[in-house]
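This report concerns only the one structure given below.
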Amino acid sequence: MASIPIICFFGCAAIPNYSSQLSPLVPGDTKTDVCPDMVECYPDKGITISPEGKSLGYVSLTQILHDNDSDRDENLKNADDKQVPIKLSLLSVNIRTTISSIDLLGDIAKEAFREYGVAANFSLPWTWYSQSGWGAGIRLMASAGALYGGGDTALVVSLIPLVAFGSQDGRFTLDMGAGGALVSRDHFGTQDYGGYFQFALTAGVGVPLFERFGASYRFLHYSDAGIHGPYTVGADMHMLELTYRF
């Protein structure tokens with residue numbers, strides 16, 4: 001029985017007193033980058049440990065959260081400074097053909113014109129639709145086709161911003177807009193367009209046929225607006241379009 005106190009005495013003496021090596025709480029020591037090279041930092045645990053396994057102190061958890069919030073605010077500020085590109089979303093594609101070329105705007109055309117081509121309609125992020133699904137939105141119509149007149153043929157491409165009214169799914173639409181067009185030639189028979197660049201005015205109305213297909217009527221006007229002189233004449237066309245909605 002006398003050996004038991006002796007064993008306990010030497011056993012307790014052999015156990016190192018790590019509590020004396022623990023440093024007290026350091027509320028002000030909040031920066032992990034001030035740790036010396038010979039120590040290992042665990043900022044997520046809020047404690048700094050030396051290679052010998054000794055605690056060198058605690059990092060304030062409140063300060064860690066504050067630093068993380070500061071980093072997050074800085075990232076959000078940098079994100080706000082970056083310019084977000086305007087996103088385009090393809091709404092529909094059209095196959096178009098001219099059904100007549102009666103003069104409605106400007107002077108009487110010397111030649112009759114026809115255009116055959118395709119068009120793609122893109123939605124822009126500026127939309128105003130109610131919960132019922134009806135409203136208005138800004139769209140962009142890009143087209144390419146062949147323009148015939150006076151026995152001559154030209155390539156024509158156009159880019160026209162539109163204001164579209166109707167249903168958000170694009171089944172029923174009424175749109176109008178103005179943009180620009182480029183033609184590969186400016187003389188068609190006896191008629192002078194005045195230049196390769198033409199202003200393009202348009203208005204159209206579309207209705208559904210079945211499933212994703214629809215039909216629309218479009219009025220399209222080409223003119224140089226007199227910038228190349230008073231004797232230039234464009235064209236006014238009435239077009240029928242077959243539409244496929246995405």
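By order of appearance in the structure tokens: chains A, B, ..., then residues from 1 within every chain, and ligands from 1 in the order shown.
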Checklist line | Exercise: region 157-172 of chain A partners within 7 Å, only C-alpha atoms, chain neighbours under 3 positions left out, as a list in words | finding: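 The residues satisfying every condition are Tyr129, Gly133, Trp134, Gly135, Ala136, Gly137, Ile138, Arg139, Leu140, Met141, Ala142, Ser143, Ala144, Gly145, Asp175, Met176, Gly177, Ala178, Gly179, Gly180, Ala181, Leu182, Val183, Gly206, Val207 and Pro208 of chain A.
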With N, CA and C atoms retained, export the selected residues as a PDB file, in the first residue's frame.
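Dumped everything to again08.pdb:
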ATOM      1  N   TYR A 129     -43.670  43.270 -68.281  1.00  0.00           N
ATOM      2  CA  TYR A 129     -44.797  42.356 -68.417  1.00  0.00           C
ATOM      3  C   TYR A 129     -45.500  42.201 -67.073  1.00  0.00           C
ATOM      4  N   GLY A 133     -49.000  38.034 -68.128  1.00  0.00           N
ATOM      5  CA  GLY A 133     -48.191  37.644 -69.268  1.00  0.00           C
ATOM      6  C   GLY A 133     -48.260  38.600 -70.441  1.00  0.00           C
ATOM      7  N   TRP A 134     -48.914  39.742 -70.275  1.00  0.00           N
ATOM      8  CA  TRP A 134     -49.040  40.729 -71.344  1.00  0.00           C
ATOM      9  C   TRP A 134     -48.275  41.987 -70.961  1.00  0.00           C
ATOM     10  N   GLY A 135     -47.680  42.619 -71.965  1.00  0.00           N
ATOM     11  CA  GLY A 135     -46.898  43.820 -71.692  1.00  0.00           C
ATOM     12  C   GLY A 135     -46.084  44.217 -72.894  1.00  0.00           C
ATOM     13  N   ALA A 136     -44.870  44.702 -72.635  1.00  0.00           N
ATOM     14  CA  ALA A 136     -44.009  45.198 -73.704  1.00  0.00           C
ATOM     15  C   ALA A 136     -42.565  44.856 -73.394  1.00  0.00           C
ATOM     16  N   GLY A 137     -41.748  44.832 -74.435  1.00  0.00           N
ATOM     17  CA  GLY A 137     -40.328  44.548 -74.277  1.00  0.00           C
ATOM     18  C   GLY A 137     -39.533  45.097 -75.439  1.00  0.00           C
ATOM     19  N   ILE A 138     -38.234  45.244 -75.229  1.00  0.00           N
ATOM     20  CA  ILE A 138     -37.330  45.710 -76.268  1.00  0.00           C
ATOM     21  C   ILE A 138     -36.680  44.499 -76.924  1.00  0.00           C
ATOM     22  N   ARG A 139     -36.685  44.472 -78.244  1.00  0.00           N
ATOM     23  CA  ARG A 139     -36.119  43.361 -78.991  1.00  0.00           C
ATOM     24  C   ARG A 139     -35.185  43.886 -80.076  1.00  0.00           C
ATOM     25  N   LEU A 140     -34.445  42.966 -80.655  1.00  0.00           N
ATOM     26  CA  LEU A 140     -33.520  43.296 -81.731  1.00  0.00           C
ATOM     27  C   LEU A 140     -33.750  42.322 -82.865  1.00  0.00           C
ATOM     28  N   MET A 141     -34.017  42.856 -84.054  1.00  0.00           N
ATOM     29  CA  MET A 141     -34.264  42.029 -85.231  1.00  0.00           C
ATOM     30  C   MET A 141     -33.089  42.162 -86.187  1.00  0.00           C
ATOM     31  N   ALA A 142     -32.469  41.039 -86.504  1.00  0.00           N
ATOM     32  CA  ALA A 142     -31.376  40.989 -87.471  1.00  0.00           C
ATOM     33  C   ALA A 142     -31.834  40.165 -88.665  1.00  0.00           C
ATOM     34  N   SER A 143     -31.580  40.664 -89.886  1.00  0.00           N
ATOM     35  CA  SER A 143     -32.060  39.976 -91.080  1.00  0.00           C
ATOM     36  C   SER A 143     -31.009  40.006 -92.174  1.00  0.00           C
ATOM     37  N   ALA A 144     -31.140  39.072 -93.078  1.00  0.00           N
ATOM     38  CA  ALA A 144     -30.287  39.002 -94.262  1.00  0.00           C
ATOM     39  C   ALA A 144     -31.105  38.395 -95.390  1.00  0.00           C
ATOM     40  N   GLY A 145     -30.893  38.921 -96.598  1.00  0.00           N
ATOM     41  CA  GLY A 145     -31.672  38.402 -97.717  1.00  0.00           C
ATOM     42  C   GLY A 145     -31.214  38.965 -99.047  1.00  0.00           C
ATOM     43  N   ASP A 175     -45.170  44.915 -83.177  1.00  0.00           N
ATOM     44  CA  ASP A 175     -43.891  45.585 -82.970  1.00  0.00           C
ATOM     45  C   ASP A 175     -43.679  46.692 -83.981  1.00  0.00           C
ATOM     46  N   MET A 176     -42.781  47.590 -83.645  1.00  0.00           N
ATOM     47  CA  MET A 176     -42.383  48.684 -84.542  1.00  0.00           C
ATOM     48  C   MET A 176     -41.000  49.144 -84.135  1.00  0.00           C
ATOM     49  N   GLY A 177     -40.247  49.626 -85.127  1.00  0.00           N
ATOM     50  CA  GLY A 177     -38.901  50.070 -84.819  1.00  0.00           C
ATOM     51  C   GLY A 177     -38.219  50.714 -86.003  1.00  0.00           C
ATOM     52  N   ALA A 178     -37.016  51.211 -85.753  1.00  0.00           N
ATOM     53  CA  ALA A 178     -36.212  51.874 -86.782  1.00  0.00           C
ATOM     54  C   ALA A 178     -34.755  51.503 -86.568  1.00  0.00           C
ATOM     55  N   GLY A 179     -34.058  51.259 -87.670  1.00  0.00           N
ATOM     56  CA  GLY A 179     -32.654  50.884 -87.584  1.00  0.00           C
ATOM     57  C   GLY A 179     -31.936  51.191 -88.882  1.00  0.00           C
ATOM     58  N   GLY A 180     -30.988  50.351 -89.228  1.00  0.00           N
ATOM     59  CA  GLY A 180     -30.196  50.576 -90.432  1.00  0.00           C
ATOM     60  C   GLY A 180     -30.055  49.310 -91.251  1.00  0.00           C
ATOM     61  N   ALA A 181     -29.769  49.512 -92.550  1.00  0.00           N
ATOM     62  CA  ALA A 181     -29.577  48.395 -93.472  1.00  0.00           C
ATOM     63  C   ALA A 181     -28.429  48.725 -94.416  1.00  0.00           C
ATOM     64  N   LEU A 182     -27.756  47.690 -94.872  1.00  0.00           N
ATOM     65  CA  LEU A 182     -26.693  47.818 -95.857  1.00  0.00           C
ATOM     66  C   LEU A 182     -27.057  46.997 -97.087  1.00  0.00           C
ATOM     67  N   VAL A 183     -26.922  47.609 -98.269  1.00  0.00           N
ATOM     68  CA  VAL A 183     -27.178  46.918 -99.533  1.00  0.00           C
ATOM     69  C   VAL A 183     -25.879  46.877-100.323  1.00  0.00           C
ATOM     70  N   GLY A 206     -47.970  39.631 -85.432  1.00  0.00           N
ATOM     71  CA  GLY A 206     -47.852  38.185 -85.538  1.00  0.00           C
ATOM     72  C   GLY A 206     -48.899  37.456 -84.714  1.00  0.00           C
ATOM     73  N   VAL A 207     -49.332  36.293 -85.227  1.00  0.00           N
ATOM     74  CA  VAL A 207     -50.316  35.456 -84.545  1.00  0.00           C
ATOM     75  C   VAL A 207     -49.835  34.011 -84.605  1.00  0.00           C
ATOM     76  N   PRO A 208     -50.274  33.165 -83.671  1.00  0.00           N
ATOM     77  CA  PRO A 208     -49.856  31.760 -83.695  1.00  0.00           C
ATOM     78  C   PRO A 208     -50.641  30.954 -84.725  1.00  0.00           C
TER      79      PRO A 208
END
Next item on the list: Find, counting only C-alpha atoms, the residue in A:Pro125, A:Gly150, A:Gly194, A:Gly117 that gets nearest to Val233 (chain A).
Entry: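 Looking at the shortest contact to Val233 (chain A), the residue is A:Gly194.
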Notebook entry, point to check: Counting only C-alpha atoms, what is within 12 Å of Tyr196 (chain A), bar same-chain residues fewer than 5 positions away, as a ChimeraX atom specification?
Noted result: /A:154-158,180-188,222-224,227-228,232,234
Notebook entry, point to check: Between CA of Leu90 (chain A) and CA of Asp236 (chain A), what is the distance, to one decimal in Å?
Noted result: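 These two atoms are separated by 27.2 Å.
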Check: Which residue out of A:Leu220, A:Ala215, A:Val205, A:Ala109 has the minimum interatomic distance to Glu241 (chain A) when only C-alpha atoms are used?
Finding: A:Ala215
Item checked: Which residue of A:Ala235, A:Ile102, A:Leu91, A:Leu242 approaches Tyr148 (chain A) most closely, using only C-alpha atoms -> A:Ala235
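The coordinates place CA of Gly149 (chain A) at 20.7 Å from CA of Gly229 (chain A).
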Report the residues of region 209-245 of chain A whose backbone DSSP state falls under strand (DSSP E), written as a short mmCIF file (atom, residue, chain, number, x, y, z; two decimals) with N, CA and C atoms, in the first residue's frame.
data_model
loop_
_atom_site.label_atom_id
_atom_site.label_comp_id
_atom_site.auth_asym_id
_atom_site.auth_seq_id
_atom_site.Cartn_x
_atom_site.Cartn_y
_atom_site.Cartn_z
N LEU A 209 -49.99 29.90 -85.24
CA LEU A 209 -50.66 28.96 -86.14
C LEU A 209 -50.90 27.64 -85.41
N PHE A 210 -49.82 26.91 -85.09
CA PHE A 210 -49.92 25.69 -84.30
C PHE A 210 -48.58 25.44 -83.63
N PHE A 213 -45.17 27.35 -84.24
CA PHE A 213 -45.18 28.06 -85.52
C PHE A 213 -46.23 29.18 -85.49
N GLY A 214 -45.89 30.26 -86.21
CA GLY A 214 -46.79 31.38 -86.32
C GLY A 214 -46.60 32.08 -87.65
N ALA A 215 -47.46 33.05 -87.91
CA ALA A 215 -47.40 33.84 -89.15
C ALA A 215 -47.48 35.31 -88.78
N SER A 216 -46.86 36.14 -89.60
CA SER A 216 -46.88 37.58 -89.33
C SER A 216 -46.85 38.36 -90.63
N TYR A 217 -47.42 39.55 -90.55
CA TYR A 217 -47.32 40.53 -91.64
C TYR A 217 -46.35 41.60 -91.22
N ARG A 218 -45.50 42.05 -92.18
CA ARG A 218 -44.52 43.10 -91.87
C ARG A 218 -44.45 44.11 -93.00
N PHE A 219 -44.49 45.38 -92.60
CA PHE A 219 -44.23 46.48 -93.53
C PHE A 219 -42.78 46.91 -93.34
N LEU A 220 -42.04 47.07 -94.44
CA LEU A 220 -40.62 47.42 -94.37
C LEU A 220 -40.34 48.54 -95.36
N HIS A 221 -39.69 49.58 -94.87
CA HIS A 221 -39.38 50.76 -95.68
C HIS A 221 -37.88 51.01 -95.67
N TYR A 222 -37.29 51.16 -96.85
CA TYR A 222 -35.88 51.53 -97.01
C TYR A 222 -35.81 52.94 -97.59
N SER A 223 -34.92 53.77 -97.04
CA SER A 223 -34.74 55.13 -97.54
C SER A 223 -33.44 55.69 -97.00
N ALA A 235 -37.60 52.02 -101.07
CA ALA A 235 -38.63 51.05 -101.39
C ALA A 235 -39.52 50.81 -100.19
N ASP A 236 -40.80 50.51 -100.46
CA ASP A 236 -41.76 50.12 -99.44
C ASP A 236 -42.28 48.74 -99.79
N MET A 237 -42.19 47.82 -98.84
CA MET A 237 -42.59 46.44 -99.14
C MET A 237 -43.51 45.90 -98.06
N HIS A 238 -44.48 45.09 -98.53
CA HIS A 238 -45.36 44.35 -97.65
C HIS A 238 -44.90 42.89 -97.68
N MET A 239 -44.64 42.33 -96.49
CA MET A 239 -44.01 41.02 -96.42
C MET A 239 -44.84 40.06 -95.57
N LEU A 240 -44.76 38.79 -95.93
CA LEU A 240 -45.37 37.73 -95.16
C LEU A 240 -44.25 36.89 -94.56
N GLU A 241 -44.36 36.57 -93.25
CA GLU A 241 -43.31 35.84 -92.54
C GLU A 241 -43.88 34.58 -91.91
N LEU A 242 -43.13 33.51 -92.01
CA LEU A 242 -43.42 32.28 -91.28
C LEU A 242 -42.45 32.20 -90.11
N THR A 243 -42.97 32.06 -88.88
CA THR A 243 -42.20 32.22 -87.67
C THR A 243 -42.11 30.89 -86.91
N TYR A 244 -40.92 30.63 -86.37
CA TYR A 244 -40.74 29.52 -85.44
C TYR A 244 -40.23 30.09 -84.13
N ARG A 245 -40.94 29.85 -83.03
CA ARG A 245 -40.59 30.36 -81.72
C ARG A 245 -39.80 29.31 -80.92
#
Next item on the list: Work out how far apart CA of Gln191 (chain A) and CA of Ala119 (chain A) are and give it in Å to one decimal.
Entry: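 If I compute the distance from CA of Gln191 (chain A) to CA of Ala119 (chain A), I get 25.9 Å.
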